[in-house]
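These notes are about the structure you will find just below.
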Amino acid sequence: MGSGNFAVRLWRRTSLMQRLGFVALVPTLVTAVLLVTTLTRHQLATLRVMAQDTANAIAIQAAAVSAEPLRQSQRRELARIAQATGELPHVAWVQIRSVDGEILADHHDAQPDDTARGLTVIREVTDPRRPLGPSLGSVMVRVSLADAIAAQRSSLHNALITLAISLLVAGIIGWQVARWLSAPLRRLVTAVQQLGHGDAPVVVEITDRTEIGQLQRGFNAASAALFDMHRDMEREIDQATRALADKNAALEAASIAKARFLAAASHDLRQPLYALTLFSSALAVDEDDVVRLDRIAHIQECVQALDHLFSELLDLSRLETGTMDVEMSEFPLDQVFDEVSRNFRMIAEQHDLRLVIRTTDVWVRSDRTMLGRILNNLVSNALRYTPEGGVLVAARRRPGKQVRVDVWDTGIGIAAEHQARVFDEFYRVENHCEAPPGDGPRRGLGLGLSTVQRLAELIGSDVQLHSRPHRGSVFSFVLPEVAPQPHADLLVDMPLDVSGMRVLVVDDEPAILSGIRYLLRSWGCEVVTAEDGAQALEAVENWRTAPDLVISDLHLREGESGLEVLALLDAYYKREGSRPFARLLITGETRRDRLQPILTANIPLLYKPVSPAQLRESLMAVWASIREGT
């Protein structure tokens, strides 16, 4: 098997010329070898027969002349006969013996022949007068084959020289014939290699009318057809490339238009929603009538549903426009858990569900805002599709300094065929018949999980889903764990008491100004409002010192910016020598180019609509930070 494989590999490595030369040379070589072998064997056999005949003749003659001397025991005569016989050509040894085996005469050649290279004949000597009588003795004659072998070797040598010359001539002729036969094929190979590399079809010369000529004509026809096909394909590819470029441009334009629409819609539509949020929260203040409180609760639920829908659109808009910058920091995970608990505990209780958030002492490194948004979306989604039971949020340490955060629910679950697509934009599982009763106001646009996955990618994580229909779902993602930091956050247990705080609110929407003024005053704040920078300076004239906090919309009337208002107030109070004031910007803008100055100035920013709880926490945070700085 090994030698066979080697022969096959060697044959495959040879060229066509080498194969044709080999095929032409092998028959000549085999014929010559067989001929030389046969002639040599025949010649050797002939030489042995001739030597045998010569030895028999000499032995008969020597026996005839030795009969009388043997009968009379004439040793001298026998020695002469042996000598005379031994001098004959090719005779190497003559020996005459008596009937009882005594050697009577013995003659050797000067250089005795080797036994293997001679032929020995023994002849009995009888009395001529009594042919049937007893033997008188015997004559032994050995004929040398040295000369015959030498002649045979010379003949073999000449035959080998002739064979070598013949093989050389046959090889040269075979090689030339192989070159002549393979030349059209080699030109075809060169032509095949040139296919597709030129601007014209490849043509080979028609050399004869044999099968090779048919192959050449077929190649020329195929080359012309291939060239036409290649030219047509290039034309089609060029057209397809231009069409694809046009479609890509159209898709990019559509994507930009969608992002602009989302940005504009989220900004313009969230203005009245923000005012509605403020007024709905303020309605319940100092209200004791049960019927009115119930109506207010329904209004707030509808406002929360609208807030959720617009939050999904806002998050999508911010992700599309790239305005979400990752700000990694180290913080206790329990802070985010507490925020989630405050946001959804009342909602869970309203739907007779349990919201269990297990406390943890784990510290993680992540973007705190994005992590909070991820958990808020997951918990909101879990409560939305859980008819009974509840939702569990927990964290577990994993090997490699990692923490896995799980959001479990006992809801309706997600079928296997939907699990691969629930993270796509605007994809919702169409199993509303199984959704909790009264779930209509809480249904989303199918953006929550898509936003969750994209936010997780921004912070370097990945959300995994495990779900069984009618058994519930669990969403998990992993965060890097860090060592706890001492005195990390002084606001964790700080009471959210803003009574007595002096607040200036700047917004060009009268409804928003009225709603936030009513809400802040219900919290015990001293509030003045303005619609632009000039009114802001007039509003604070009665305050001898700077306000504790300035809340301003980013975009005001006639193109004025909230940053410009803050700059006017900074200049005004710097001249008066007052202490710095806390500042907070609120906007529905999502375009990165318009938000970049705020991000560069490192001013706290909230996106409309802002819930009362979120607004209250932000008031305390910026107020505490400015007091800490002074």
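The chains in the structure tokens are called A, B, ... from first to last as shown; in each chain the residues are counted from 1, and the ligands are counted from 1 in the order shown.
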Each residue of region 154-186 of chain A with at least one atom at most 12 Å from region 35-50 of chain A should appear once, together with its nearest atom pair and the corresponding distance in Å (one decimal); atoms considered: only C-alpha atoms; ordering: chain, then increasing residue number; output as a Markdown table.
```
| residue | atom | partner | partner_atom | distance |
| --- | --- | --- | --- | --- |
| A:Ser154 | CA | A:Thr40 | CA | 11.0 |
| A:Ser155 | CA | A:Thr40 | CA | 8.4 |
| A:Leu156 | CA | A:Thr40 | CA | 6.9 |
| A:His157 | CA | A:Val36 | CA | 10.3 |
| A:Asn158 | CA | A:Val36 | CA | 10.3 |
| A:Ala159 | CA | A:Val36 | CA | 6.7 |
| A:Leu160 | CA | A:Val36 | CA | 7.8 |
| A:Ile161 | CA | A:Val36 | CA | 11.1 |
| A:Thr162 | CA | A:Val36 | CA | 10.0 |
| A:Leu163 | CA | A:Val36 | CA | 8.3 |
| A:Ala164 | CA | A:Val36 | CA | 11.6 |
```
Could you tell me, as an mmCIF file with C-alpha atoms, in the first residue's frame, which residues of region 347-524 of chain A DSSP assigns to alpha helix (DSSP H) when given the backbone?
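Saved to states-v1.cif:
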```cif
data_model
loop_
_atom_site.group_PDB
_atom_site.id
_atom_site.type_symbol
_atom_site.label_atom_id
_atom_site.label_comp_id
_atom_site.auth_asym_id
_atom_site.auth_seq_id
_atom_site.Cartn_x
_atom_site.Cartn_y
_atom_site.Cartn_z
ATOM 1 C CA ILE A 347 -47.875 49.599 41.273
ATOM 2 C CA ALA A 348 -47.417 46.021 42.434
ATOM 3 C CA GLU A 349 -49.722 46.570 45.391
ATOM 4 C CA GLN A 350 -52.386 48.106 43.144
ATOM 5 C CA ARG A 368 -25.749 53.772 37.464
ATOM 6 C CA THR A 369 -28.369 55.510 35.314
ATOM 7 C CA MET A 370 -28.348 52.863 32.587
ATOM 8 C CA LEU A 371 -28.419 50.056 35.142
ATOM 9 C CA GLY A 372 -31.430 51.652 36.799
ATOM 10 C CA ARG A 373 -33.150 51.979 33.427
ATOM 11 C CA ILE A 374 -32.480 48.301 32.662
ATOM 12 C CA LEU A 375 -33.942 47.128 35.967
ATOM 13 C CA ASN A 376 -36.891 49.518 35.719
ATOM 14 C CA ASN A 377 -37.789 48.193 32.284
ATOM 15 C CA LEU A 378 -37.412 44.556 33.322
ATOM 16 C CA VAL A 379 -39.486 44.953 36.490
ATOM 17 C CA SER A 380 -42.139 47.001 34.663
ATOM 18 C CA ASN A 381 -42.359 44.336 31.974
ATOM 19 C CA ALA A 382 -42.556 41.555 34.580
ATOM 20 C CA LEU A 383 -45.398 43.267 36.469
ATOM 21 C CA ARG A 384 -47.235 43.943 33.221
ATOM 22 C CA ALA A 416 -39.837 29.143 22.731
ATOM 23 C CA GLU A 417 -40.630 30.393 19.213
ATOM 24 C CA HIS A 418 -40.817 33.987 20.490
ATOM 25 C CA GLN A 419 -37.763 34.033 22.763
ATOM 26 C CA GLY A 448 -38.758 47.810 26.449
ATOM 27 C CA LEU A 449 -36.690 44.629 25.958
ATOM 28 C CA SER A 450 -34.982 46.043 22.867
ATOM 29 C CA THR A 451 -33.914 49.065 24.921
ATOM 30 C CA VAL A 452 -32.796 46.795 27.760
ATOM 31 C CA GLN A 453 -30.543 44.756 25.465
ATOM 32 C CA ARG A 454 -28.993 47.834 23.850
ATOM 33 C CA LEU A 455 -28.373 49.480 27.215
ATOM 34 C CA ALA A 456 -26.803 46.248 28.466
ATOM 35 C CA GLU A 457 -24.472 46.245 25.464
ATOM 36 C CA LEU A 458 -23.435 49.806 26.265
ATOM 37 C CA PRO A 510 -47.436 78.148 31.028
ATOM 38 C CA ALA A 511 -49.129 74.823 31.795
ATOM 39 C CA ILE A 512 -45.829 73.320 32.922
ATOM 40 C CA LEU A 513 -45.023 76.389 35.027
ATOM 41 C CA SER A 514 -48.442 76.234 36.675
ATOM 42 C CA GLY A 515 -48.199 72.491 37.373
ATOM 43 C CA ILE A 516 -44.670 72.527 38.807
ATOM 44 C CA ARG A 517 -45.393 75.636 40.871
ATOM 45 C CA TYR A 518 -48.438 73.953 42.393
ATOM 46 C CA LEU A 519 -46.483 70.696 43.017
ATOM 47 C CA LEU A 520 -43.444 72.389 44.604
ATOM 48 C CA ARG A 521 -45.598 74.550 46.818
ATOM 49 C CA SER A 522 -47.439 71.449 48.009
#
```
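For the pair CA of Arg129 (chain A) and CA of Glu68 (chain A), the interatomic distance is 10.1 Å.
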**OP:** Please provide as a PyMOL selection string all residues within 10 Å of Ser618 (chain A), with the sequence filter that same-chain residues fewer than 4 positions apart are discarded (counting only C-alpha atoms).
**Re:** chain A and resi 496+584+604-606+612-614+622-624
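Excluding Glu564 (chain A) itself and any same-chain residue fewer than 6 positions from it, the protein and nucleic acid residues within 10 Å of it, counting only C-alpha atoms, are Asp532, Gly533, Leu554, Leu556 and Asp570 of chain A.
Taking only C-alpha atoms into account, Ser329 (chain A) lies nearest to A:Val364 out of the set A:Ala253, A:Leu132, A:Val364, A:Ile626.
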**OP:** Can you check which residues of region 52-257 of chain A DSSP gives as strand (DSSP E or B) on the backbone and send them as a count of residues only?
**Re:** 39
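The gap separating CA of Pro484 (chain A) from CA of Gly400 (chain A) is 16.5 Å, in Å to one decimal.
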